[in-house]
Amino acid sequence: MSQSTSSPLYAAIDLGSNSFHMLVVRHIDGSVQTMAKIKRKVRLAAGLDEHNVLSQEAMQRGWDCLSLFAERLQDIPAPHIRIVGTATLRTATNAEQFLVKANTILGYPIEVISGEEEAATIYKGVAHTSGGMGRRLVVDIGGASTELIIGEGFEAKALTSLKMGCVTWLERHFKDRQLTAMNFEHAIQAAKQMMAPILASYRQLGWNVCVGASGTVQALQEIMLAQGMDEVITLAKLKRLQKQAMLADHLEELEIEGLTLERALVFPSGLSILIAIFESLDIEAMTLAGGALREGLVYEMVEDLRQDDIRARTITSVQSRYQIDQHYAEQVASLASRLYQQCGSDQWIPEPQAEILLRSAAQLHEIGLSIDFKKGGEHSAYLLKNLDLPGYTRAQKYYLAELTRRYRDTLSSLPEQHALSTTSGKRVLRLLRLAVLLSHRRNPALEPEFTLCADEEKLTLTLNGQWLLDNPLTHAELDLEANRQTDIGWPLILVTK
């Protein structure tokens, strides 16, 4: 069977109010691999007049874009293609005129979905690509609509689509292109008024984590990283970026480090909406989701990817692609968990996601061996930093990369990372290295009995004396590891019983 037959292609096209997007993926090893992402800034919503009639110029921009997309669709089976239109095509009184020609260009039907269906599909895209336990609030600011969803697992519990977006708010509140405090205030207050009817029910439902799934949120995160901040979006950071934006008098003069020219035009309006959402719902922190509408469309088409644990699916897929020894990876992960539990995990490493990241690093630490043994750690770090890992944030990917870079041999301190606190980050690394050492014979039946005690930075590992005599190589490596950890200020004491 040929590779193309065994790895079918899927395409999802989103005719958005600001941009048209096309995502092409293939289903392989229990996951999806992105083959192409094509995006064109069409700004369809900017073509709506006061009577919601779409201008000929805006429609032509859309048709020109779809002519490009049509070429790529020729190679994909019809049942593997989904094309949807969103807010502007829901609103335009002459949408049918646009759709008739668009259908002819593409050769496949376009479905204009309701706001509620758009919100539900966005949630599926987030659920399939973002980790985290408990209830999540999802925010997606589009060109002409903003979706707010609360859900748990794959089930959405509240779906709302509001008629405000970064293009429509640009035309309504920044029409004079002035970046004044008054324009920002009008935009923020108008967004708060739009949200007022849902505030009570959303607060009552509540959520554990908040994720953003839009171009606005992605642009914000890119700006923050370019300016040396971490990836977590907070109201204080949004206010700081508003001040930076107001340093420019006109929208065309807007220059913020990390902001692309392509995004600059709709940045202040999208920022205003997000500030309103943060203030109205008292959101403390937000991270960027791994996917949204297009990913939701894809995962709906690929039936056998519907499972609850996104991270588990990602780990299994990567292990399969890079021929990692899954039995040994699970052995190291189980041993790492036992070490974690023994040292009083709740006090010693208080962050709940720490054990997940420890287990993930253990399950993937040998990925670099698929390239070369000598520099296995470096190769592991490169791959994990650059692979698409649904269920893990950018900060978590970076942290996993730096853990696996140091899983054996030479030990050095971790660089600054934002997945865990600095103290927890280094403690997880210590446990990973011990788990790899104690399991190096690759058979759970040959592991030693041990106890591990933690007292601040000091770790005391107690092992059976006879076992150490029977395993002189491991004994020597443990002695060396105790010296390595102690030498960089992480005391490790070996005790024989």
# chains A, B, ... in the order shown; residues from 1 in each chain; ligands from 1
>>> select_by_dssp(residues="segment 20-186 of chain A", states="strand (DSSP E)", output="VMD selection string")
chain A and resid 20 to 28 31 to 41 81 to 85 111 to 112 135 to 141 146 to 152 155 to 162
>>> residues_around(residues="Asn18 of chain A", least_positions_apart="6", cutoff="6 Å", atoms="only C-alpha atoms", output="list in words")
Val42, Arg43, Leu44 and Gly143 of chain A
>>> residues_around(residues="Gln326 of chain A", least_positions_apart="6", cutoff="12 Å", atoms="only C-alpha atoms", output="MDAnalysis selection string")
chainID A and resid 315:320 332:333 362:367 442
>>> closest_residue(among="A:Asn386, A:Ser439, A:Thr287, A:Ser280", to="Gln331 of chain A", atoms="only C-alpha atoms")
A:Ser439
>>> residues_around(residues="Val84 of chain A", least_positions_apart="4", cutoff="6 Å", atoms="only C-alpha atoms", output="NGL selection string")
:A and (14 or 110-112)
>>> write_last_selection(atoms="all heavy atoms", output="short mmCIF file (atom, residue, chain, number, x, y, z; two decimals), in the first residue's frame")
data_model
loop_
_atom_site.label_atom_id
_atom_site.label_comp_id
_atom_site.auth_asym_id
_atom_site.auth_seq_id
_atom_site.Cartn_x
_atom_site.Cartn_y
_atom_site.Cartn_z
N ASP A 14 -11.92 27.96 6.22
CA ASP A 14 -12.70 28.86 7.06
C ASP A 14 -12.75 30.22 6.36
O ASP A 14 -11.72 30.87 6.21
CB ASP A 14 -12.01 28.92 8.44
CG ASP A 14 -12.33 30.17 9.24
OD1 ASP A 14 -13.39 30.77 8.99
OD2 ASP A 14 -11.52 30.53 10.11
N ILE A 110 -20.18 25.20 0.18
CA ILE A 110 -19.79 26.03 1.33
C ILE A 110 -20.98 26.07 2.28
O ILE A 110 -22.11 26.34 1.87
CB ILE A 110 -19.42 27.45 0.89
CG1 ILE A 110 -18.21 27.43 -0.05
CG2 ILE A 110 -19.13 28.34 2.10
CD1 ILE A 110 -17.98 28.73 -0.78
N GLU A 111 -20.71 25.80 3.53
CA GLU A 111 -21.76 25.79 4.55
C GLU A 111 -21.60 27.03 5.42
O GLU A 111 -20.57 27.22 6.05
CB GLU A 111 -21.59 24.51 5.38
CG GLU A 111 -22.62 24.29 6.43
CD GLU A 111 -22.29 23.07 7.29
OE1 GLU A 111 -21.28 22.36 7.01
OE2 GLU A 111 -23.02 22.84 8.25
N VAL A 112 -22.61 27.88 5.44
CA VAL A 112 -22.59 29.04 6.35
C VAL A 112 -23.16 28.57 7.68
O VAL A 112 -24.33 28.21 7.77
CB VAL A 112 -23.40 30.23 5.79
CG1 VAL A 112 -23.38 31.39 6.78
CG2 VAL A 112 -22.82 30.67 4.45
#
>>> atom_distance(atom1="atom CA of Val428 of chain A", atom2="atom CA of Gln221 of chain A")
26.4 Å
>>> residues_around(residues="segment 186-196 of chain A", least_positions_apart="2", cutoff="9 Å", atoms="only C-alpha atoms", output="list in words")
Leu162, Lys163, Met164, Trp169, Leu170, Arg172, His173, Phe174, Ala181, Met182, Asn183, Phe184, Ile198, Leu199, Ala200, Ser269, Leu271, Ser272, Ile273, Leu274, Ile275, Ala276, Ile277, Glu279 and Ser280 of chain A
>>> write_last_selection(atoms="N, CA and C atoms", output="tab-separated table (two decimals), in the first residue's frame")
chain	number	residue	atom	x	y	z
A	162	LEU	N	-21.08	36.50	19.87
A	162	LEU	CA	-21.47	37.91	19.97
A	162	LEU	C	-21.07	38.65	18.69
A	163	LYS	N	-21.91	39.59	18.27
A	163	LYS	CA	-21.65	40.31	17.02
A	163	LYS	C	-20.67	41.46	17.24
A	164	MET	N	-19.45	41.09	17.59
A	164	MET	CA	-18.37	42.08	17.67
A	164	MET	C	-17.08	41.37	17.27
A	169	TRP	N	-15.19	46.31	14.97
A	169	TRP	CA	-14.85	47.27	16.02
A	169	TRP	C	-13.87	48.33	15.49
A	170	LEU	N	-13.03	47.93	14.52
A	170	LEU	CA	-12.14	48.89	13.87
A	170	LEU	C	-12.97	49.93	13.13
A	172	ARG	N	-16.06	50.71	13.60
A	172	ARG	CA	-17.02	51.40	14.46
A	172	ARG	C	-16.36	52.36	15.45
A	173	HIS	N	-15.21	51.95	16.01
A	173	HIS	CA	-14.64	52.72	17.12
A	173	HIS	C	-13.27	53.35	16.81
A	174	PHE	N	-12.67	52.93	15.70
A	174	PHE	CA	-11.38	53.53	15.31
A	174	PHE	C	-11.46	54.02	13.86
A	181	ALA	N	-7.20	57.73	23.97
A	181	ALA	CA	-7.79	57.08	25.15
A	181	ALA	C	-9.30	56.99	24.99
A	182	MET	N	-9.91	58.01	24.36
A	182	MET	CA	-11.37	58.01	24.20
A	182	MET	C	-11.83	56.90	23.26
A	183	ASN	N	-11.11	56.72	22.14
A	183	ASN	CA	-11.48	55.65	21.22
A	183	ASN	C	-11.37	54.28	21.87
A	184	PHE	N	-10.27	54.07	22.60
A	184	PHE	CA	-10.11	52.79	23.31
A	184	PHE	C	-11.24	52.60	24.32
A	198	ILE	N	-24.69	37.84	29.29
A	198	ILE	CA	-24.22	36.48	29.60
A	198	ILE	C	-23.36	36.41	30.86
A	199	LEU	N	-23.03	37.56	31.44
A	199	LEU	CA	-22.05	37.57	32.54
A	199	LEU	C	-22.48	36.70	33.72
A	200	ALA	N	-23.73	36.85	34.15
A	200	ALA	CA	-24.19	36.12	35.35
A	200	ALA	C	-24.11	34.62	35.15
A	269	SER	N	-8.37	47.29	17.95
A	269	SER	CA	-9.76	46.88	18.15
A	269	SER	C	-9.85	45.51	18.81
A	271	LEU	N	-7.52	44.20	20.73
A	271	LEU	CA	-7.03	44.42	22.10
A	271	LEU	C	-8.14	44.98	22.99
A	272	SER	N	-8.92	45.92	22.47
A	272	SER	CA	-10.02	46.51	23.25
A	272	SER	C	-11.04	45.46	23.66
A	273	ILE	N	-11.39	44.59	22.72
A	273	ILE	CA	-12.38	43.54	23.02
A	273	ILE	C	-11.83	42.60	24.09
A	274	LEU	N	-10.55	42.25	23.98
A	274	LEU	CA	-9.97	41.32	24.96
A	274	LEU	C	-9.88	41.96	26.34
A	275	ILE	N	-9.55	43.24	26.41
A	275	ILE	CA	-9.52	43.93	27.71
A	275	ILE	C	-10.92	43.90	28.34
A	276	ALA	N	-11.94	44.16	27.52
A	276	ALA	CA	-13.33	44.13	28.02
A	276	ALA	C	-13.69	42.75	28.56
A	277	ILE	N	-13.26	41.70	27.86
A	277	ILE	CA	-13.56	40.33	28.30
A	277	ILE	C	-12.85	40.03	29.62
A	279	GLU	N	-11.86	42.17	31.92
A	279	GLU	CA	-12.44	42.95	33.02
A	279	GLU	C	-13.84	42.48	33.38
A	280	SER	N	-14.66	42.14	32.39
A	280	SER	CA	-16.04	41.73	32.66
A	280	SER	C	-16.12	40.38	33.37
>>> closest_residue(among="A:Gly291, A:Gly215, A:Gly391, A:Pro8", to="Ala264 of chain A", atoms="only C-alpha atoms")
A:Gly215
>>> closest_atom_pairs(of="segment 265-295 of chain A", to="segment 117-124 of chain A", cutoff="10 Å", atoms="only C-alpha atoms", output="Markdown table")
| residue | atom | partner | partner_atom | distance |
| --- | --- | --- | --- | --- |
| A:Gly291 | CA | A:Ile122 | CA | 7.9 |
| A:Ala292 | CA | A:Ile122 | CA | 4.5 |
| A:Leu293 | CA | A:Ile122 | CA | 4.2 |
| A:Arg294 | CA | A:Ile122 | CA | 7.7 |
| A:Glu295 | CA | A:Lys124 | CA | 7.8 |
>>> write_last_selection(atoms="all heavy atoms", output="compact mmCIF listing (two decimals), in the first residue's frame")
# COMPACT_ATOMS: atom_id res chain seq x y z
N GLY A 291 -5.45 25.07 18.83
CA GLY A 291 -6.27 25.04 17.62
C GLY A 291 -7.61 25.71 17.87
O GLY A 291 -7.93 26.09 18.99
N ALA A 292 -8.41 25.85 16.79
CA ALA A 292 -9.72 26.47 16.94
C ALA A 292 -10.66 25.92 15.87
O ALA A 292 -10.81 24.72 15.73
CB ALA A 292 -9.59 27.99 16.87
N LEU A 293 -11.27 26.82 15.09
CA LEU A 293 -12.33 26.41 14.15
C LEU A 293 -11.84 25.38 13.13
O LEU A 293 -12.46 24.33 12.94
CB LEU A 293 -12.89 27.65 13.44
CG LEU A 293 -14.02 27.38 12.43
CD1 LEU A 293 -15.22 26.75 13.11
CD2 LEU A 293 -14.43 28.68 11.75
N ARG A 294 -10.73 25.67 12.45
CA ARG A 294 -10.26 24.76 11.39
C ARG A 294 -9.88 23.40 11.96
O ARG A 294 -10.19 22.36 11.40
CB ARG A 294 -9.07 25.38 10.65
CG ARG A 294 -9.48 26.59 9.84
CD ARG A 294 -8.30 27.33 9.27
NE ARG A 294 -7.42 27.92 10.27
CZ ARG A 294 -7.72 29.00 10.96
NH1 ARG A 294 -8.88 29.59 10.82
NH2 ARG A 294 -6.87 29.50 11.84
N GLU A 295 -9.21 23.41 13.12
CA GLU A 295 -8.83 22.15 13.75
C GLU A 295 -10.07 21.37 14.17
O GLU A 295 -10.14 20.15 14.07
CB GLU A 295 -7.92 22.41 14.95
CG GLU A 295 -6.51 22.86 14.57
CD GLU A 295 -6.42 24.31 14.12
OE1 GLU A 295 -7.41 25.07 14.30
OE2 GLU A 295 -5.38 24.71 13.58
